[in-house]
Amino acid sequence: MRLPLTLGCVLLAVCCLLGVGCGRGDERYEAAPSTRPEPGGTAVIAFPAEPDVLNSLIRTTVSAGQILALIQDGLADMGEDLIWRPRIAESWTIAGDGQSLTYRLRPWFWSDGAPLTAYDVVATFTLFNDPVIASPRRGSFRHVTEAAALDSFTVRYLFDRVLPDAVGRTAHAILPVHVTAGLDPMRVREWPLNQHPLASGPFRLERWVHDDQIVLLPNSRYAGPQPLLERVVLRIIPDETARLLALEAGEVDFVEELPYGAAARLEAEGAIELQRVQGR
């Protein structure tokens with residue numbers, strides 16, 4: 001059975017395969033015990049665009065962001081209810097005057113076995129703000145004046161004013177300082193990690209065949225729940241008609257944003273299962 005995806009969010013598809021309940025229409029439901037996902041298998045997703053780079057500092061495409069969301073965790077993550085919840089951080093505290101926020105990190109590891117610490121977080125914040133790198137996300141840190149590692153598991157951010165969304169301003173992507181420390185910021189577009197990033201999330205990059213496919217495997221060092229899937233294959237198919245044909249031919253399991261007429265026809269024929277999702 002083939003499952004197309006709406007709202008242009010490949011991440012939601014993979015979350016469903018990780019065991020998160022998916023909705024039909026306006027309904028949200030928990031799968032019955034007999035239909036809960038079993039470990040194993042490969043999901044083949046028709047991906048509409050190749051990412052530019054897999055480096056959160058300089059990436060400019062939505063497709064890169066979708067892939068990075070699967071291979072790199074942040075300090076916190078916003079849920080469908082728009083509430084921030086811990087990821088790498090186990091907790092955080094906003095000072096009484098509202099002008100600092102302190103995160104306490106969980107024990108965490110990069111996919112090469114190196115520990116992910118507060119020093120990675122602070123070094124990444126510095127890179128985001130480096131004018132030489134000229135990150136397109138540099139403006140997100142306006143009014144965030146400093147990040148400091150109080151110890152290996154504690155990071156404190158200082159603000160020049162009270163921020164309405166302090167977690168959103170500071171729960172940024174994290175890069176491995178044991179890799180970036182030896183790289184020249186002036187040559188950021190040539191960094192090896194642009195094509196071969198380390199993982200801190202549930203999946204790691206196995207290979208990237210340009211203009212063809214990206215293959216993700218479970219990250220065995222992930223500190224969170226291990227994904228159920230053995231492999232995720234993102235087949236890069238820019239043409240909408242070609243994606244639809246691949247779905248009908250059984251060459252892919254997921255297609256996002258099907259044309260309305262085609263979705264209605266295929267659903268009526270029983271050829272697909274159409275999942276309608278809300279929110280983010």
# chains A, B, ... in the order shown; residues from 1 in each chain; ligands from 1
$ closest_atom_pairs --of "range 135-248 of chain A" --to "range 266-270 of chain A" --cutoff "12 Å" --atoms "only C-alpha atoms" --output "Markdown table"
| residue | atom | partner | partner_atom | distance |
| --- | --- | --- | --- | --- |
| A:Leu244 | CA | A:Leu266 | CA | 10.1 |
| A:Leu245 | CA | A:Leu266 | CA | 11.5 |
| A:Leu247 | CA | A:Leu266 | CA | 10.1 |
| A:Glu248 | CA | A:Leu266 | CA | 8.5 |
$ select_by_dssp --residues "range 69-130 of chain A" --states "strand (DSSP E)" --output "MDAnalysis selection string"
chainID A and resid 76:78 84:86 89:94 100:105
$ atom_distance --atom1 "CA of Asp112 in chain A" --atom2 "CA of Trp84 in chain A"
27.9 Å
$ atom_distance --atom1 "CA of Phe47 in chain A" --atom2 "CA of Ile133 in chain A"
28.4 Å
$ residues_around --residues "Val252 in chain A" --least-positions-apart "3" --cutoff "9 Å" --atoms "only C-alpha atoms" --output "list in words"
Arg2, Leu3, Ala43, Val44, Ile45, Ala46, Arg235, Arg243, Ala246, Leu247, Glu248, Ala249 and Val255 of chain A
$ write_last_selection --atoms "N, CA, C and O atoms" --output "PDB file, in the first residue's frame"
ATOM      1  N   ARG A   2       0.594   2.191  -0.860  1.00  0.00           N
ATOM      2  CA  ARG A   2       1.423   3.374  -0.991  1.00  0.00           C
ATOM      3  C   ARG A   2       0.796   4.533  -0.232  1.00  0.00           C
ATOM      4  O   ARG A   2      -0.423   4.698  -0.211  1.00  0.00           O
ATOM      5  N   LEU A   3       1.636   5.323   0.374  1.00  0.00           N
ATOM      6  CA  LEU A   3       1.161   6.384   1.250  1.00  0.00           C
ATOM      7  C   LEU A   3       1.696   7.733   0.801  1.00  0.00           C
ATOM      8  O   LEU A   3       2.851   8.042   1.019  1.00  0.00           O
ATOM      9  N   ALA A  43      11.832   2.701   3.975  1.00  0.00           N
ATOM     10  CA  ALA A  43      10.873   3.665   3.441  1.00  0.00           C
ATOM     11  C   ALA A  43      11.535   4.396   2.284  1.00  0.00           C
ATOM     12  O   ALA A  43      12.614   4.970   2.450  1.00  0.00           O
ATOM     13  N   VAL A  44      10.892   4.366   1.128  1.00  0.00           N
ATOM     14  CA  VAL A  44      11.393   5.086  -0.046  1.00  0.00           C
ATOM     15  C   VAL A  44      10.500   6.298  -0.255  1.00  0.00           C
ATOM     16  O   VAL A  44       9.304   6.155  -0.500  1.00  0.00           O
ATOM     17  N   ILE A  45      11.078   7.480  -0.151  1.00  0.00           N
ATOM     18  CA  ILE A  45      10.324   8.729  -0.219  1.00  0.00           C
ATOM     19  C   ILE A  45      10.720   9.485  -1.470  1.00  0.00           C
ATOM     20  O   ILE A  45      11.916   9.672  -1.742  1.00  0.00           O
ATOM     21  N   ALA A  46       9.732   9.905  -2.244  1.00  0.00           N
ATOM     22  CA  ALA A  46      10.005  10.754  -3.410  1.00  0.00           C
ATOM     23  C   ALA A  46      10.310  12.157  -2.904  1.00  0.00           C
ATOM     24  O   ALA A  46       9.433  12.842  -2.381  1.00  0.00           O
ATOM     25  N   ARG A 235      14.568   9.472  -2.654  1.00  0.00           N
ATOM     26  CA  ARG A 235      14.827   9.510  -4.097  1.00  0.00           C
ATOM     27  C   ARG A 235      14.533  10.913  -4.607  1.00  0.00           C
ATOM     28  O   ARG A 235      13.425  11.421  -4.451  1.00  0.00           O
ATOM     29  N   ARG A 243       7.149  12.041 -10.042  1.00  0.00           N
ATOM     30  CA  ARG A 243       6.912  11.528  -8.690  1.00  0.00           C
ATOM     31  C   ARG A 243       5.617  10.734  -8.639  1.00  0.00           C
ATOM     32  O   ARG A 243       5.540   9.673  -8.011  1.00  0.00           O
ATOM     33  N   ALA A 246       6.090   7.385 -10.288  1.00  0.00           N
ATOM     34  CA  ALA A 246       6.866   6.487  -9.426  1.00  0.00           C
ATOM     35  C   ALA A 246       5.990   5.894  -8.330  1.00  0.00           C
ATOM     36  O   ALA A 246       6.129   4.727  -7.961  1.00  0.00           O
ATOM     37  N   LEU A 247       5.065   6.700  -7.815  1.00  0.00           N
ATOM     38  CA  LEU A 247       4.130   6.212  -6.805  1.00  0.00           C
ATOM     39  C   LEU A 247       3.213   5.143  -7.383  1.00  0.00           C
ATOM     40  O   LEU A 247       3.020   4.068  -6.795  1.00  0.00           O
ATOM     41  N   GLU A 248       2.642   5.424  -8.544  1.00  0.00           N
ATOM     42  CA  GLU A 248       1.722   4.466  -9.172  1.00  0.00           C
ATOM     43  C   GLU A 248       2.431   3.172  -9.564  1.00  0.00           C
ATOM     44  O   GLU A 248       1.825   2.098  -9.529  1.00  0.00           O
ATOM     45  N   ALA A 249       3.715   3.263  -9.918  1.00  0.00           N
ATOM     46  CA  ALA A 249       4.476   2.078 -10.322  1.00  0.00           C
ATOM     47  C   ALA A 249       5.010   1.302  -9.126  1.00  0.00           C
ATOM     48  O   ALA A 249       5.600   0.233  -9.290  1.00  0.00           O
ATOM     49  N   VAL A 255       4.784  10.065  -1.374  1.00  0.00           N
ATOM     50  CA  VAL A 255       4.883  11.259  -2.206  1.00  0.00           C
ATOM     51  C   VAL A 255       4.210  12.377  -1.436  1.00  0.00           C
ATOM     52  O   VAL A 255       3.148  12.179  -0.839  1.00  0.00           O
TER      53      VAL A 255
END
$ atom_distance --atom1 "CA of Phe109 in chain A" --atom2 "CA of Leu175 in chain A"
11.7 Å
$ select_by_dssp --residues "range 20-211 of chain A" --states "alpha helix (DSSP H)" --output "ChimeraX atom specification"
/A:62-71,118-128,166-170,177-180
$ residues_around --residues "Ile214 in chain A" --least-positions-apart "6" --cutoff "8 Å" --atoms "only C-alpha atoms" --output "PDB file with C-alpha atoms, in the first residue's frame"
ATOM      1  CA  LEU A 205      23.828   9.778   6.529  1.00  0.00           C
ATOM      2  CA  GLU A 206      25.027   6.617   4.805  1.00  0.00           C
ATOM      3  CA  ARG A 207      25.480   8.073   1.324  1.00  0.00           C
ATOM      4  CA  TRP A 208      24.479  10.966  -0.894  1.00  0.00           C
ATOM      5  CA  VAL A 233      15.844   6.305   0.961  1.00  0.00           C
ATOM      6  CA  LEU A 234      15.105   9.802  -0.325  1.00  0.00           C
ATOM      7  CA  ARG A 235      14.827   9.510  -4.097  1.00  0.00           C
ATOM      8  CA  ILE A 236      15.380  12.914  -5.667  1.00  0.00           C
TER       9      ILE A 236
END
$ closest_residue --among "A:Ala147, A:Leu229, A:Ile88, A:Leu216" --to "Leu105 in chain A" --atoms "only C-alpha atoms"
A:Ile88
$ residues_around --residues "range 149-157 of chain A" --least-positions-apart "5" --cutoff "10 Å" --atoms "only C-alpha atoms" --output "ChimeraX atom specification"
/A:89-90,92-94,99-108,115-123,125,144,166-167,169-170
$ closest_residue --among "A:Ala114, A:Val209, A:Ala181, A:Leu217" --to "Thr42 in chain A" --atoms "only C-alpha atoms"
A:Leu217
